[in-house]
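For reference, the structure is listed below as structure tokens.
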Amino acid sequence: MNGAPLGLSEKQVQNAPLRIAVGIATSGRPLILRRVLECLRKQTRVADAIVVSAPSMADVSGVDTGQPELRCITGDRGLTVQRNAILRAASDFNVVIFLDDDFVPCSRYLEVVEQIFQDAPDVVVGTGRVVADGILGPGLDVDDALKVLREDGSADASTRDIVDVYNAYGCNMAIRLDAVRAGGLTFDETLPLYGWLEDVDFSRRMAVYGRIVKISAARGVHLGAKSGRQSGRRLGYSQVANPLYLVRKGTCSRRKALKLMSRNLAANIAKTFRPEPYIDRAGRLMGNIRALLDLMGGRLSPERVLNL
């Protein structure tokens, strides 16, 4: 899709002021969440609203809920369920930026996203540049992230540098809400708990309305915090069940699904006997095997992970 989305002229979109909300789905990480919220208050362009969705108030313990721009809502646990709660709460905004509760944005993150969404009316989803990702190792802390961002050599990247991508990375994902409203879109709650690949599914459904892009100057660090994550067995099941579900749904190519499944299965097999101390490889492999058995028995479904 080219040009201004949803029947608006390009000039109308570019001249219209944007109301931007930040949405954070959180669970079991109140200390990290508080530090991330501190970073958001120091943005060069502050959010018009911050919506935190949590299973209980214990998950936001210590957070200053009296801040006028901050709204904490509680409800059922699960990334897709919690993000849908954020979409409802932010329904009258122009853009919602979904950040993981362990994603630390650079100080200009919101400023850069706003400029792209104003200057490029055909962009409906934007994802930033992750300059360090603790998910690939034992994890990082907030101080590590701030140091990485201070020393990042791409700090002066042009705010207009964008490139089209297949999907956004769910740890930092900006969404134009006109497109969400036009399609009546929500996150697929068939993907429970951690909701693995929910970012691929939502991005490909948004692609009907415009471009999915990576924004070079919107930088950040994903801590990859290990607390609050699902069991290895459950993740292993999702590593097989979720991509195959998205293939049937039409939001993930067979090639991409096969690449994801084969890479994860190979890693789980190869490292089961000498696992990383921060990854339950044996549990993931058991989950992979359970999902393959369910596939052969015609019972495979993302929601069966709830029974593991």
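Each chain in the structure tokens gets a letter, A, B and so on, in the order shown; residues start at 1 in every chain, and ligands are counted from 1 in the order they appear.
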Please build the interface table for segment 160-212 of chain A against segment 253-256 of chain A with a cut-off of 12 Å, listing for each qualifying residue the nearest atom pair and the distance in Å to one decimal; count only C-alpha atoms, order rows by chain and increasing number, and write it as a Markdown table.
```
| residue | atom | partner | partner_atom | distance |
| --- | --- | --- | --- | --- |
| A:Tyr166 | CA | A:Lys256 | CA | 10.2 |
| A:Asn167 | CA | A:Lys256 | CA | 11.4 |
| A:Leu197 | CA | A:Lys256 | CA | 11.4 |
| A:Val200 | CA | A:Ser253 | CA | 10.3 |
| A:Asp201 | CA | A:Ser253 | CA | 10.7 |
| A:Arg204 | CA | A:Ser253 | CA | 10.2 |
```
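When DSSP is run on the backbone, the residues of segment 131-182 of chain A that fall into strand (DSSP E) are Val131, Ala132, Asp133, Ile162, Val163, Asp164, Asn172, Met173, Ala174, Ile175 and Arg176 of chain A.
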Store the residues picked out above, limited to N, CA and C atoms, as a short mmCIF file (atom, residue, chain, number, x, y, z; two decimals), in the first residue's frame.
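Dumped to out.cif:
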```
data_model
loop_
_atom_site.label_atom_id
_atom_site.label_comp_id
_atom_site.auth_asym_id
_atom_site.auth_seq_id
_atom_site.Cartn_x
_atom_site.Cartn_y
_atom_site.Cartn_z
N VAL A 131 20.23 -2.63 19.92
CA VAL A 131 21.70 -2.57 19.87
C VAL A 131 22.35 -3.61 20.77
N ALA A 132 21.58 -4.18 21.69
CA ALA A 132 22.06 -5.29 22.51
C ALA A 132 20.83 -6.06 22.99
N ASP A 133 20.93 -7.39 22.97
CA ASP A 133 19.78 -8.22 23.32
C ASP A 133 20.20 -9.29 24.32
N ILE A 162 14.86 4.43 7.38
CA ILE A 162 13.98 3.30 7.62
C ILE A 162 14.15 2.28 6.50
N VAL A 163 13.89 1.01 6.82
CA VAL A 163 13.97 -0.05 5.84
C VAL A 163 12.80 -1.00 6.07
N ASP A 164 12.20 -1.48 5.00
CA ASP A 164 11.05 -2.38 5.13
C ASP A 164 11.48 -3.74 5.66
N ASN A 172 9.77 -4.00 21.00
CA ASN A 172 9.56 -2.56 20.75
C ASN A 172 8.86 -2.40 19.42
N MET A 173 7.60 -2.04 19.47
CA MET A 173 6.76 -2.09 18.28
C MET A 173 5.75 -0.94 18.31
N ALA A 174 5.91 0.01 17.39
CA ALA A 174 5.00 1.16 17.30
C ALA A 174 3.93 0.88 16.27
N ILE A 175 2.69 1.18 16.60
CA ILE A 175 1.55 0.81 15.76
C ILE A 175 0.65 2.02 15.52
N ARG A 176 0.31 2.24 14.24
CA ARG A 176 -0.62 3.32 13.89
C ARG A 176 -2.04 2.81 14.15
#
```
Once you count only C-alpha atoms, what closest atom pair and distance in Å to one decimal does each residue of segment 170-274 of chain A within 10 Å of segment 105-126 of chain A have, with rows by chain and rising residue number, as CSV?
```
residue,atom,partner,partner_atom,distance
A:Asn172,CA,A:Gly126,CA,8.4
A:Met173,CA,A:Gly126,CA,5.8
A:Ala174,CA,A:Gly126,CA,5.0
A:Ile175,CA,A:Val125,CA,4.7
A:Arg176,CA,A:Val124,CA,4.9
A:Leu177,CA,A:Val124,CA,8.1
A:Asp178,CA,A:Val124,CA,8.5
A:Ala179,CA,A:Val124,CA,6.8
A:Val180,CA,A:Val124,CA,9.0
A:Phe202,CA,A:Val125,CA,9.5
A:Ser203,CA,A:Val125,CA,7.0
A:Arg204,CA,A:Val125,CA,9.9
A:Met206,CA,A:Val124,CA,6.9
A:Ala207,CA,A:Val124,CA,7.5
A:Val208,CA,A:Val124,CA,9.5
A:Tyr209,CA,A:Val124,CA,6.9
A:Gly210,CA,A:Asp122,CA,5.1
A:Arg211,CA,A:Val123,CA,4.6
A:Ile212,CA,A:Val125,CA,4.8
A:Val213,CA,A:Gly126,CA,4.9
A:Lys214,CA,A:Gly126,CA,5.6
A:Ile215,CA,A:Gly126,CA,6.4
A:Ser216,CA,A:Val112,CA,9.2
A:Ala217,CA,A:Val112,CA,6.6
A:Ala218,CA,A:Tyr109,CA,4.7
A:Arg219,CA,A:Cys106,CA,5.5
A:Gly220,CA,A:Pro105,CA,4.2
A:Val221,CA,A:Pro105,CA,6.5
A:His222,CA,A:Pro105,CA,8.6
```
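Using only C-alpha atoms, the protein and nucleic acid residues lying no more than 8 Å from Glu189 of chain A, apart from those fewer than 5 places from it along its own chain, are Thr80, Val81 and Gly195 of chain A.
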- request: Find the spatial neighbours of segment 44-59 of chain A, counting only C-alpha atoms, within a cut-off of 8 Å - ignore same-chain residues fewer than 6 positions away - and output them as a ChimeraX atom specification.
  value: /A:19-30,69-77,82-83,85-86,89-90,107-108,110-111
Who sits within 9 Å of segment 281-283 of chain A, only C-alpha atoms, same chain under 6 positions skipped, as a ChimeraX atom specification:
/A:231-236,267-269,271-275
For Met261 of chain A, work out the shell of residues within 8 Å, counting only C-alpha atoms and skipping chain neighbours fewer than 2 positions away, then give it as number ranges by chain.
A: 239-240, 243, 257-259, 263-265
Alpha helix (DSSP H) call set, DSSP backbone run, segment 26-222 of chain A, as an mmCIF file with N, CA, C and O atoms, in the first residue's frame:
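Okay, selection-v4.cif is ready:
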```cif
data_model
loop_
_atom_site.group_PDB
_atom_site.id
_atom_site.type_symbol
_atom_site.label_atom_id
_atom_site.label_comp_id
_atom_site.auth_asym_id
_atom_site.auth_seq_id
_atom_site.Cartn_x
_atom_site.Cartn_y
_atom_site.Cartn_z
ATOM 1 N N PRO A 30 8.516 -6.040 38.924
ATOM 2 C CA PRO A 30 8.245 -4.651 39.339
ATOM 3 C C PRO A 30 9.501 -3.799 39.442
ATOM 4 O O PRO A 30 9.446 -2.595 39.156
ATOM 5 N N LEU A 31 10.628 -4.359 39.864
ATOM 6 C CA LEU A 31 11.841 -3.561 40.008
ATOM 7 C C LEU A 31 12.349 -3.081 38.655
ATOM 8 O O LEU A 31 12.722 -1.908 38.497
ATOM 9 N N ILE A 32 12.366 -3.982 37.669
ATOM 10 C CA ILE A 32 12.805 -3.591 36.327
ATOM 11 C C ILE A 32 11.815 -2.613 35.719
ATOM 12 O O ILE A 32 12.201 -1.615 35.097
ATOM 13 N N LEU A 33 10.528 -2.863 35.910
ATOM 14 C CA LEU A 33 9.498 -1.976 35.371
ATOM 15 C C LEU A 33 9.690 -0.545 35.877
ATOM 16 O O LEU A 33 9.580 0.412 35.099
ATOM 17 N N ARG A 34 9.979 -0.384 37.147
ATOM 18 C CA ARG A 34 10.174 0.959 37.696
ATOM 19 C C ARG A 34 11.325 1.674 37.019
ATOM 20 O O ARG A 34 11.239 2.871 36.717
ATOM 21 N N ARG A 35 12.411 0.974 36.721
ATOM 22 C CA ARG A 35 13.553 1.594 36.053
ATOM 23 C C ARG A 35 13.202 1.984 34.618
ATOM 24 O O ARG A 35 13.622 3.040 34.123
ATOM 25 N N VAL A 36 12.459 1.127 33.931
ATOM 26 C CA VAL A 36 12.047 1.435 32.561
ATOM 27 C C VAL A 36 11.137 2.667 32.544
ATOM 28 O O VAL A 36 11.263 3.543 31.675
ATOM 29 N N LEU A 37 10.228 2.756 33.493
ATOM 30 C CA LEU A 37 9.347 3.925 33.569
ATOM 31 C C LEU A 37 10.152 5.197 33.840
ATOM 32 O O LEU A 37 9.820 6.270 33.316
ATOM 33 N N GLU A 38 11.221 5.089 34.630
ATOM 34 C CA GLU A 38 12.099 6.237 34.846
ATOM 35 C C GLU A 38 12.719 6.705 33.530
ATOM 36 O O GLU A 38 12.812 7.905 33.260
ATOM 37 N N CYS A 39 13.143 5.751 32.710
ATOM 38 C CA CYS A 39 13.727 6.090 31.404
ATOM 39 C C CYS A 39 12.709 6.779 30.511
ATOM 40 O O CYS A 39 13.036 7.722 29.780
ATOM 41 N N LEU A 40 11.460 6.342 30.574
ATOM 42 C CA LEU A 40 10.426 6.944 29.744
ATOM 43 C C LEU A 40 10.141 8.388 30.164
ATOM 44 O O LEU A 40 9.824 9.235 29.328
ATOM 45 N N ARG A 41 10.272 8.677 31.448
ATOM 46 C CA ARG A 41 10.048 10.049 31.907
ATOM 47 C C ARG A 41 11.156 10.988 31.449
ATOM 48 O O ARG A 41 10.971 12.212 31.462
ATOM 49 N N LEU A 79 0.553 -12.392 27.294
ATOM 50 C CA LEU A 79 0.995 -11.221 26.536
ATOM 51 C C LEU A 79 -0.075 -10.708 25.590
ATOM 52 O O LEU A 79 -0.338 -9.501 25.533
ATOM 53 N N THR A 80 -0.721 -11.597 24.826
ATOM 54 C CA THR A 80 -1.706 -11.121 23.852
ATOM 55 C C THR A 80 -2.938 -10.547 24.551
ATOM 56 O O THR A 80 -3.488 -9.532 24.116
ATOM 57 N N VAL A 81 -3.356 -11.168 25.653
ATOM 58 C CA VAL A 81 -4.501 -10.662 26.416
ATOM 59 C C VAL A 81 -4.182 -9.280 26.985
ATOM 60 O O VAL A 81 -5.003 -8.349 26.904
ATOM 61 N N GLN A 82 -2.988 -9.135 27.543
ATOM 62 C CA GLN A 82 -2.611 -7.865 28.162
ATOM 63 C C GLN A 82 -2.420 -6.766 27.117
ATOM 64 O O GLN A 82 -2.766 -5.608 27.357
ATOM 65 N N ARG A 83 -1.879 -7.128 25.962
ATOM 66 C CA ARG A 83 -1.741 -6.115 24.908
ATOM 67 C C ARG A 83 -3.089 -5.699 24.343
ATOM 68 O O ARG A 83 -3.273 -4.537 23.972
ATOM 69 N N ASN A 84 -4.042 -6.601 24.297
ATOM 70 C CA ASN A 84 -5.384 -6.213 23.854
ATOM 71 C C ASN A 84 -6.028 -5.259 24.859
ATOM 72 O O ASN A 84 -6.753 -4.333 24.475
ATOM 73 N N ALA A 85 -5.755 -5.463 26.137
ATOM 74 C CA ALA A 85 -6.259 -4.534 27.152
ATOM 75 C C ALA A 85 -5.666 -3.139 26.942
ATOM 76 O O ALA A 85 -6.356 -2.124 27.105
ATOM 77 N N ILE A 86 -4.400 -3.090 26.552
ATOM 78 C CA ILE A 86 -3.754 -1.806 26.269
ATOM 79 C C ILE A 86 -4.384 -1.144 25.042
ATOM 80 O O ILE A 86 -4.634 0.069 25.028
ATOM 81 N N LEU A 87 -4.643 -1.940 23.995
ATOM 82 C CA LEU A 87 -5.289 -1.386 22.797
ATOM 83 C C LEU A 87 -6.629 -0.749 23.141
ATOM 84 O O LEU A 87 -6.965 0.326 22.635
ATOM 85 N N ARG A 88 -7.399 -1.398 23.998
ATOM 86 C CA ARG A 88 -8.692 -0.828 24.387
ATOM 87 C C ARG A 88 -8.495 0.459 25.183
ATOM 88 O O ARG A 88 -9.215 1.441 24.975
ATOM 89 N N ALA A 89 -7.524 0.464 26.076
ATOM 90 C CA ALA A 89 -7.294 1.642 26.909
ATOM 91 C C ALA A 89 -6.762 2.819 26.112
ATOM 92 O O ALA A 89 -6.982 3.980 26.470
ATOM 93 N N TYR A 109 13.895 7.980 21.615
ATOM 94 C CA TYR A 109 13.090 6.940 20.971
ATOM 95 C C TYR A 109 11.725 7.466 20.523
ATOM 96 O O TYR A 109 11.344 7.344 19.357
ATOM 97 N N LEU A 110 10.974 8.065 21.427
ATOM 98 C CA LEU A 110 9.633 8.541 21.074
ATOM 99 C C LEU A 110 9.697 9.673 20.067
ATOM 100 O O LEU A 110 8.843 9.766 19.165
ATOM 101 N N GLU A 111 10.669 10.547 20.205
ATOM 102 C CA GLU A 111 10.825 11.660 19.264
ATOM 103 C C GLU A 111 11.029 11.137 17.840
ATOM 104 O O GLU A 111 10.416 11.636 16.878
ATOM 105 N N VAL A 112 11.883 10.130 17.715
ATOM 106 C CA VAL A 112 12.179 9.560 16.393
ATOM 107 C C VAL A 112 10.955 8.864 15.811
ATOM 108 O O VAL A 112 10.612 9.033 14.632
ATOM 109 N N VAL A 113 10.274 8.076 16.635
ATOM 110 C CA VAL A 113 9.077 7.375 16.158
ATOM 111 C C VAL A 113 8.023 8.374 15.696
ATOM 112 O O VAL A 113 7.393 8.209 14.641
ATOM 113 N N GLU A 114 7.823 9.432 16.456
ATOM 114 C CA GLU A 114 6.837 10.446 16.073
ATOM 115 C C GLU A 114 7.185 11.052 14.712
ATOM 116 O O GLU A 114 6.297 11.221 13.854
ATOM 117 N N GLN A 115 8.457 11.355 14.493
ATOM 118 C CA GLN A 115 8.849 11.968 13.229
ATOM 119 C C GLN A 115 8.585 11.036 12.055
ATOM 120 O O GLN A 115 8.068 11.464 11.010
ATOM 121 N N ILE A 116 8.906 9.759 12.213
ATOM 122 C CA ILE A 116 8.672 8.799 11.120
ATOM 123 C C ILE A 116 7.181 8.670 10.831
ATOM 124 O O ILE A 116 6.751 8.687 9.668
ATOM 125 N N PHE A 117 6.377 8.563 11.865
ATOM 126 C CA PHE A 117 4.939 8.373 11.650
ATOM 127 C C PHE A 117 4.268 9.631 11.100
ATOM 128 O O PHE A 117 3.225 9.545 10.455
ATOM 129 N N GLN A 118 4.862 10.794 11.316
ATOM 130 C CA GLN A 118 4.348 12.019 10.700
ATOM 131 C C GLN A 118 4.829 12.157 9.262
ATOM 132 O O GLN A 118 4.062 12.535 8.378
ATOM 133 N N ASP A 119 6.109 11.858 9.021
ATOM 134 C CA ASP A 119 6.698 12.065 7.693
ATOM 135 C C ASP A 119 6.340 10.971 6.696
ATOM 136 O O ASP A 119 6.353 11.209 5.486
ATOM 137 N N VAL A 142 19.636 -2.936 33.897
ATOM 138 C CA VAL A 142 19.336 -1.610 33.359
ATOM 139 C C VAL A 142 20.592 -0.761 33.247
ATOM 140 O O VAL A 142 20.778 -0.027 32.269
ATOM 141 N N ASP A 143 21.470 -0.854 34.224
ATOM 142 C CA ASP A 143 22.712 -0.073 34.156
ATOM 143 C C ASP A 143 23.572 -0.493 32.967
ATOM 144 O O ASP A 143 24.189 0.353 32.311
ATOM 145 N N ASP A 144 23.607 -1.817 32.689
ATOM 146 C CA ASP A 144 24.303 -2.296 31.485
ATOM 147 C C ASP A 144 23.709 -1.643 30.239
ATOM 148 O O ASP A 144 24.418 -1.187 29.344
ATOM 149 N N ALA A 145 22.382 -1.615 30.190
ATOM 150 C CA ALA A 145 21.688 -1.077 29.016
ATOM 151 C C ALA A 145 22.003 0.396 28.818
ATOM 152 O O ALA A 145 22.267 0.848 27.690
ATOM 153 N N LEU A 146 21.982 1.162 29.907
ATOM 154 C CA LEU A 146 22.258 2.587 29.792
ATOM 155 C C LEU A 146 23.687 2.837 29.319
ATOM 156 O O LEU A 146 23.943 3.749 28.522
ATOM 157 N N LYS A 147 24.620 2.012 29.770
ATOM 158 C CA LYS A 147 26.010 2.145 29.322
ATOM 159 C C LYS A 147 26.125 1.835 27.836
ATOM 160 O O LYS A 147 26.803 2.554 27.087
ATOM 161 N N VAL A 148 25.462 0.763 27.390
ATOM 162 C CA VAL A 148 25.483 0.394 25.968
ATOM 163 C C VAL A 148 24.946 1.537 25.119
ATOM 164 O O VAL A 148 25.503 1.887 24.073
ATOM 165 N N LEU A 149 23.851 2.148 25.563
ATOM 166 C CA LEU A 149 23.242 3.229 24.797
ATOM 167 C C LEU A 149 24.134 4.469 24.760
ATOM 168 O O LEU A 149 24.198 5.165 23.742
ATOM 169 N N ARG A 150 24.822 4.741 25.847
ATOM 170 C CA ARG A 150 25.749 5.884 25.849
ATOM 171 C C ARG A 150 26.908 5.666 24.873
ATOM 172 O O ARG A 150 27.377 6.606 24.233
ATOM 173 N N GLU A 151 27.350 4.423 24.757
ATOM 174 C CA GLU A 151 28.524 4.126 23.935
ATOM 175 C C GLU A 151 28.171 3.699 22.510
ATOM 176 O O GLU A 151 29.066 3.455 21.700
ATOM 177 N N LEU A 177 -2.750 3.485 15.037
ATOM 178 C CA LEU A 177 -4.039 2.962 15.492
ATOM 179 C C LEU A 177 -5.162 3.170 14.484
ATOM 180 O O LEU A 177 -6.190 2.488 14.572
ATOM 181 N N ASP A 178 -5.012 4.072 13.522
ATOM 182 C CA ASP A 178 -6.017 4.169 12.460
ATOM 183 C C ASP A 178 -6.142 2.834 11.728
ATOM 184 O O ASP A 178 -7.251 2.407 11.362
ATOM 185 N N ALA A 179 -5.015 2.176 11.490
ATOM 186 C CA ALA A 179 -5.034 0.884 10.804
ATOM 187 C C ALA A 179 -5.665 -0.189 11.683
ATOM 188 O O ALA A 179 -6.416 -1.046 11.204
ATOM 189 N N VAL A 180 -5.370 -0.150 12.972
ATOM 190 C CA VAL A 180 -5.974 -1.100 13.912
ATOM 191 C C VAL A 180 -7.489 -0.947 13.915
ATOM 192 O O VAL A 180 -8.243 -1.924 13.843
ATOM 193 N N ARG A 181 -7.940 0.303 13.950
ATOM 194 C CA ARG A 181 -9.389 0.553 13.968
ATOM 195 C C ARG A 181 -10.026 0.156 12.647
ATOM 196 O O ARG A 181 -11.132 -0.402 12.621
ATOM 197 N N ALA A 182 -9.349 0.432 11.537
ATOM 198 C CA ALA A 182 -9.906 0.101 10.222
ATOM 199 C C ALA A 182 -10.114 -1.398 10.062
ATOM 200 O O ALA A 182 -11.102 -1.844 9.478
ATOM 201 N N GLY A 183 -9.171 -2.180 10.594
ATOM 202 C CA GLY A 183 -9.268 -3.635 10.449
ATOM 203 C C GLY A 183 -9.904 -4.327 11.625
ATOM 204 O O GLY A 183 -10.078 -5.553 11.603
ATOM 205 N N GLU A 198 3.696 -13.605 18.386
ATOM 206 C CA GLU A 198 2.562 -12.685 18.271
ATOM 207 C C GLU A 198 2.941 -11.453 17.463
ATOM 208 O O GLU A 198 2.101 -10.845 16.795
ATOM 209 N N ASP A 199 4.226 -11.085 17.477
ATOM 210 C CA ASP A 199 4.683 -9.923 16.714
ATOM 211 C C ASP A 199 4.643 -10.184 15.213
ATOM 212 O O ASP A 199 4.267 -9.310 14.427
ATOM 213 N N VAL A 200 4.988 -11.413 14.806
ATOM 214 C CA VAL A 200 4.911 -11.782 13.388
ATOM 215 C C VAL A 200 3.454 -11.747 12.925
ATOM 216 O O VAL A 200 3.117 -11.155 11.889
ATOM 217 N N ASP A 201 2.584 -12.381 13.681
ATOM 218 C CA ASP A 201 1.171 -12.459 13.318
ATOM 219 C C ASP A 201 0.547 -11.066 13.196
ATOM 220 O O ASP A 201 -0.118 -10.752 12.197
ATOM 221 N N PHE A 202 0.765 -10.213 14.189
ATOM 222 C CA PHE A 202 0.142 -8.888 14.163
ATOM 223 C C PHE A 202 0.734 -8.033 13.042
ATOM 224 O O PHE A 202 0.003 -7.314 12.348
ATOM 225 N N SER A 203 2.038 -8.128 12.845
ATOM 226 C CA SER A 203 2.682 -7.344 11.785
ATOM 227 C C SER A 203 2.128 -7.704 10.413
ATOM 228 O O SER A 203 1.845 -6.821 9.587
ATOM 229 N N ARG A 204 1.981 -8.987 10.139
ATOM 230 C CA ARG A 204 1.530 -9.400 8.811
ATOM 231 C C ARG A 204 0.067 -9.013 8.580
ATOM 232 O O ARG A 204 -0.326 -8.717 7.442
ATOM 233 N N ARG A 205 -0.734 -8.973 9.622
ATOM 234 C CA ARG A 205 -2.114 -8.502 9.441
ATOM 235 C C ARG A 205 -2.151 -6.991 9.257
ATOM 236 O O ARG A 205 -2.983 -6.474 8.512
ATOM 237 N N MET A 206 -1.257 -6.274 9.906
ATOM 238 C CA MET A 206 -1.164 -4.820 9.711
ATOM 239 C C MET A 206 -0.624 -4.478 8.329
ATOM 240 O O MET A 206 -0.893 -3.386 7.797
#
```
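Atom CA of Leu308 of chain A lies 15.5 Å from atom CA of Leu295 of chain A.
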Excluding Leu223 of chain A and residues on its chain fewer than 5 positions from it, collect all residues at most 7 Å away from it, counting only C-alpha atoms, and give them as a ChimeraX atom specification. /A:102-103,133-135,139-141
